[in-house]
$ cat model.pdb   # PDB, C-alpha atoms
MODEL        1
ATOM      1  CA  MET A   1     -18.834 -16.442   7.084
ATOM      2  CA  ASP A   2     -20.033 -19.774   8.436
ATOM      3  CA  VAL A   3     -21.820 -20.469   5.149
ATOM      4  CA  LEU A   4     -18.633 -19.782   3.201
ATOM      5  CA  TRP A   5     -16.448 -21.824   5.545
ATOM      6  CA  ASP A   6     -18.902 -24.731   5.689
ATOM      7  CA  SER A   7     -19.930 -24.942   2.049
ATOM      8  CA  VAL A   8     -16.990 -23.757  -0.027
ATOM      9  CA  PRO A   9     -13.939 -26.016  -0.338
ATOM     10  CA  ALA A  10     -10.614 -24.242  -0.799
ATOM     11  CA  THR A  11     -10.456 -25.442  -4.396
ATOM     12  CA  SER A  12     -13.932 -24.099  -5.227
ATOM     13  CA  ASP A  13     -14.652 -20.968  -7.212
ATOM     14  CA  GLY A  14     -16.984 -19.855  -4.422
ATOM     15  CA  VAL A  15     -20.704 -19.309  -4.070
ATOM     16  CA  THR A  16     -23.131 -16.702  -5.345
ATOM     17  CA  VAL A  17     -25.253 -14.368  -3.237
ATOM     18  CA  ARG A  18     -28.290 -16.523  -4.086
ATOM     19  CA  GLU A  19     -26.523 -19.675  -2.848
ATOM     20  CA  VAL A  20     -25.587 -17.960   0.420
ATOM     21  CA  ALA A  21     -29.137 -16.641   0.832
ATOM     22  CA  ASP A  22     -30.532 -20.139   0.187
ATOM     23  CA  ALA A  23     -28.143 -21.607   2.775
ATOM     24  CA  LEU A  24     -29.503 -19.094   5.294
ATOM     25  CA  ASP A  25     -33.026 -20.381   4.725
ATOM     26  CA  GLY A  26     -35.246 -19.746   7.711
ATOM     27  CA  ARG A  27     -33.600 -16.466   8.683
ATOM     28  CA  GLU A  28     -35.860 -14.405   6.423
ATOM     29  CA  LEU A  29     -33.033 -12.259   5.066
ATOM     30  CA  ALA A  30     -33.554 -10.261   1.894
ATOM     31  CA  TYR A  31     -31.316 -11.050  -1.057
ATOM     32  CA  THR A  32     -30.053  -7.454  -1.007
ATOM     33  CA  THR A  33     -29.111  -7.759   2.672
ATOM     34  CA  VAL A  34     -26.968 -10.831   1.963
ATOM     35  CA  MET A  35     -25.447  -9.054  -1.037
ATOM     36  CA  THR A  36     -24.597  -5.986   1.071
ATOM     37  CA  VAL A  37     -22.988  -8.049   3.823
ATOM     38  CA  LEU A  38     -20.879 -10.022   1.323
ATOM     39  CA  ASP A  39     -19.851  -6.778  -0.402
ATOM     40  CA  ARG A  40     -18.770  -5.272   2.930
ATOM     41  CA  LEU A  41     -16.859  -8.421   3.869
ATOM     42  CA  ALA A  42     -15.076  -8.216   0.508
ATOM     43  CA  GLY A  43     -14.227  -4.587   1.221
ATOM     44  CA  LYS A  44     -12.691  -5.617   4.537
ATOM     45  CA  GLY A  45     -10.668  -8.362   2.860
ATOM     46  CA  MET A  46     -12.450 -11.169   4.684
ATOM     47  CA  VAL A  47     -13.867 -12.654   1.489
ATOM     48  CA  GLN A  48     -12.576 -12.786  -2.039
ATOM     49  CA  ARG A  49     -14.881 -12.345  -4.965
ATOM     50  CA  GLN A  50     -14.644 -13.129  -8.622
ATOM     51  CA  ARG A  51     -16.919 -11.927 -11.382
ATOM     52  CA  GLU A  52     -18.958 -14.595 -13.143
ATOM     53  CA  GLY A  53     -21.143 -13.046 -15.797
ATOM     54  CA  ARG A  54     -23.329 -10.491 -14.037
ATOM     55  CA  ALA A  55     -22.885 -12.118 -10.625
ATOM     56  CA  TRP A  56     -20.037 -12.421  -8.147
ATOM     57  CA  ARG A  57     -18.741 -15.635  -6.616
ATOM     58  CA  TYR A  58     -17.553 -15.336  -3.021
ATOM     59  CA  ARG A  59     -15.182 -17.406  -0.926
ATOM     60  CA  ALA A  60     -13.502 -16.891   2.428
ATOM     61  CA  ALA A  61     -10.099 -15.194   2.208
ATOM     62  CA  ALA A  62      -8.770 -17.386   5.032
ATOM     63  CA  SER A  63      -9.787 -20.539   6.838
ATOM     64  CA  ARG A  64     -11.949 -20.403   9.953
ATOM     65  CA  GLU A  65      -8.938 -21.456  12.036
ATOM     66  CA  ALA A  66      -6.715 -18.717  10.598
ATOM     67  CA  HIS A  67      -9.434 -16.142  11.228
ATOM     68  CA  ILE A  68      -9.893 -17.226  14.851
ATOM     69  CA  ALA A  69      -6.138 -17.226  15.434
ATOM     70  CA  GLN A  70      -5.956 -13.692  14.030
ATOM     71  CA  LEU A  71      -8.761 -12.593  16.372
ATOM     72  CA  MET A  72      -6.789 -14.004  19.290
ATOM     73  CA  LEU A  73      -3.661 -12.126  18.203
ATOM     74  CA  ASP A  74      -5.668  -8.932  17.765
ATOM     75  CA  ALA A  75      -7.055  -9.358  21.293
ATOM     76  CA  LEU A  76      -3.499  -9.590  22.617
ATOM     77  CA  ASP A  77      -2.742  -6.278  20.896
ATOM     78  CA  LEU A  78      -5.535  -4.477  22.773
ATOM     79  CA  GLY A  79      -3.163  -3.369  25.481
ATOM     80  CA  GLY A  80      -1.891  -4.433  28.827
ATOM     81  CA  SER A  81       0.594  -7.200  29.261
ATOM     82  CA  ARG A  82       0.631  -9.796  26.487
ATOM     83  CA  ASP A  83       2.520 -12.121  28.822
ATOM     84  CA  ALA A  84      -0.110 -11.836  31.554
ATOM     85  CA  ALA A  85      -2.909 -12.418  29.049
ATOM     86  CA  LEU A  86      -1.151 -15.486  27.633
ATOM     87  CA  VAL A  87      -0.550 -16.916  31.102
ATOM     88  CA  ARG A  88      -4.194 -16.373  32.037
ATOM     89  CA  PHE A  89      -5.281 -18.013  28.792
ATOM     90  CA  ALA A  90      -2.942 -20.971  29.338
ATOM     91  CA  ARG A  91      -4.385 -21.494  32.818
ATOM     92  CA  SER A  92      -7.923 -21.506  31.440
ATOM     93  CA  VAL A  93      -7.536 -24.254  28.826
ATOM     94  CA  THR A  94      -8.338 -27.901  29.461
ATOM     95  CA  GLY A  95      -5.652 -30.541  29.814
ATOM     96  CA  THR A  96      -6.257 -31.744  26.270
ATOM     97  CA  GLU A  97      -6.061 -28.206  24.880
ATOM     98  CA  ALA A  98      -2.865 -27.580  26.859
ATOM     99  CA  GLU A  99      -1.334 -30.716  25.338
ATOM    100  CA  VAL A 100      -2.252 -29.492  21.842
ATOM    101  CA  LEU A 101      -0.511 -26.188  22.608
ATOM    102  CA  ARG A 102       2.561 -27.960  24.030
ATOM    103  CA  THR A 103       2.818 -30.160  20.953
ATOM    104  CA  ALA A 104       2.441 -27.208  18.574
ATOM    105  CA  LEU A 105       5.012 -25.113  20.460
ATOM    106  CA  GLY A 106       7.440 -28.031  20.611
ATOM    107  CA  ALA A 107       7.057 -28.713  16.898
ATOM    108  CA  GLU A 108       7.535 -25.031  16.088
ATOM    109  CA  ALA A 109      10.663 -24.754  18.214
ATOM    110  CA  GLY A 110      12.063 -27.979  16.745
ATOM    111  CA  LEU A 111      11.413 -26.962  13.145
ATOM    112  CA  THR A 112      12.941 -23.510  13.237
ATOM    113  CA  GLY A 113      15.757 -23.944  15.747
ATOM    114  CA  GLN A 114      15.269 -20.236  16.452
ATOM    115  CA  PRO A 115      13.172 -18.241  18.916
ATOM    116  CA  LEU A 116       9.510 -19.027  18.569
ATOM    117  CA  THR A 117       7.452 -16.693  16.396
ATOM    118  CA  ASP A 118       3.735 -16.794  15.768
ATOM    119  CA  ARG A 119       2.864 -17.396  12.142
ATOM    120  CA  VAL A 120      -0.804 -16.980  11.451
ATOM    121  CA  GLU A 121      -2.386 -16.246   8.119
ATOM    122  CA  ASP A 122      -3.862 -12.749   8.305
ATOM    123  CA  PRO A 123      -7.326 -13.031   6.706
ATOM    124  CA  ARG A 124      -7.340  -9.347   5.864
ATOM    125  CA  ALA A 125      -3.984  -9.309   4.114
ATOM    126  CA  GLY A 126      -3.903 -12.873   2.793
ATOM    127  CA  ARG A 127      -0.355 -13.377   4.032
ATOM    128  CA  PRO A 128       1.294 -14.639   7.205
ATOM    129  CA  ARG A 129       1.664 -12.216  10.070
ATOM    130  CA  ARG A 130       4.878 -12.621  12.030
ATOM    131  CA  THR A 131       5.006 -11.592  15.642
ATOM    132  CA  ASP A 132       8.432 -11.192  17.204
ATOM    133  CA  GLU A 133       8.728 -12.751  20.662
ATOM    134  CA  ALA A 134      10.971  -9.981  21.978
ATOM    135  CA  THR A 135       8.722  -7.076  21.024
ATOM    136  CA  GLY A 136       5.365  -8.853  21.059
ATOM    137  CA  ARG A 137       4.454  -7.188  17.777
TER
ENDMDL
END
$ encode --input "model.pdb" --output "structure tokens"
Amino acid sequence: MDVLWDSVPATSDGVTVREVADALDGRELAYTTVMTVLDRLAGKGMVQRQREGRAWRYRAAASREAHIAQLMLDALDLGGSRDAALVRFARSVTGTEAEVLRTALGAEAGLTGQPLTDRVEDPRAGRPRRTDEATGR
């Protein structure tokens, strides 16, 4: 995924298996291994692929940031108290990171004028996931 995120701009048609394998130079991975991993990622909806002749071109289905945000939301869904997990997380961030969160939450609240909802692009579905504050889901 790092190769796709680092080398494929959003406006690009993507990269081939050979280009990904070349970018992983030094890891001694077989071409077929890279092809299998990309195929499985496509099956999971993490990458999009488009046929180009006999080859496929691959690109990430979502940005790195959207993917990480989705992982964080998925972790909150693992059970226990979402509130307690969020409080613990908030206490663990640096002052600068806390300010980034405050700014983002303030901007979100100011833009909608309604209760805050999380809107994160779901890399598997390719659409925003909305989480209701009242239910946590």
$ atom_distance --input "model.pdb" --atom1 "CA of Val37 (chain A)" --atom2 "CA of Leu78 (chain A)"
26.0 Å
$ atom_distance --input "model.pdb" --atom1 "CA of Gly45 (chain A)" --atom2 "CA of Ala61 (chain A)"
6.9 Å
$ atom_distance --input "model.pdb" --atom1 "CA of Val100 (chain A)" --atom2 "CA of Ala66 (chain A)"
16.2 Å
$ axis_aligned_box --input "model.pdb" --around "region 67-75 of chain A" --padding-each-side "5 Å" --output "AutoDock Vina command-line options"
--center_x -6.8 --center_y -13.1 --center_z 16.3 --size_x 16.2 --size_y 18.3 --size_z 20.1
$ resolve_selection --input "model.pdb" --expression "the PyMOL selection byres ((chain A and resi 9) around 12)" --output "number ranges by chain"
A: 3-8, 10-15, 58-64
$ residues_around --input "model.pdb" --residues "region 28-36 of chain A" --least-positions-apart "3" --cutoff "12 Å" --atoms "all atoms listed in the file" --output "PyMOL selection string"
chain A and resi 1+3+15-25+39-43+49+55-58
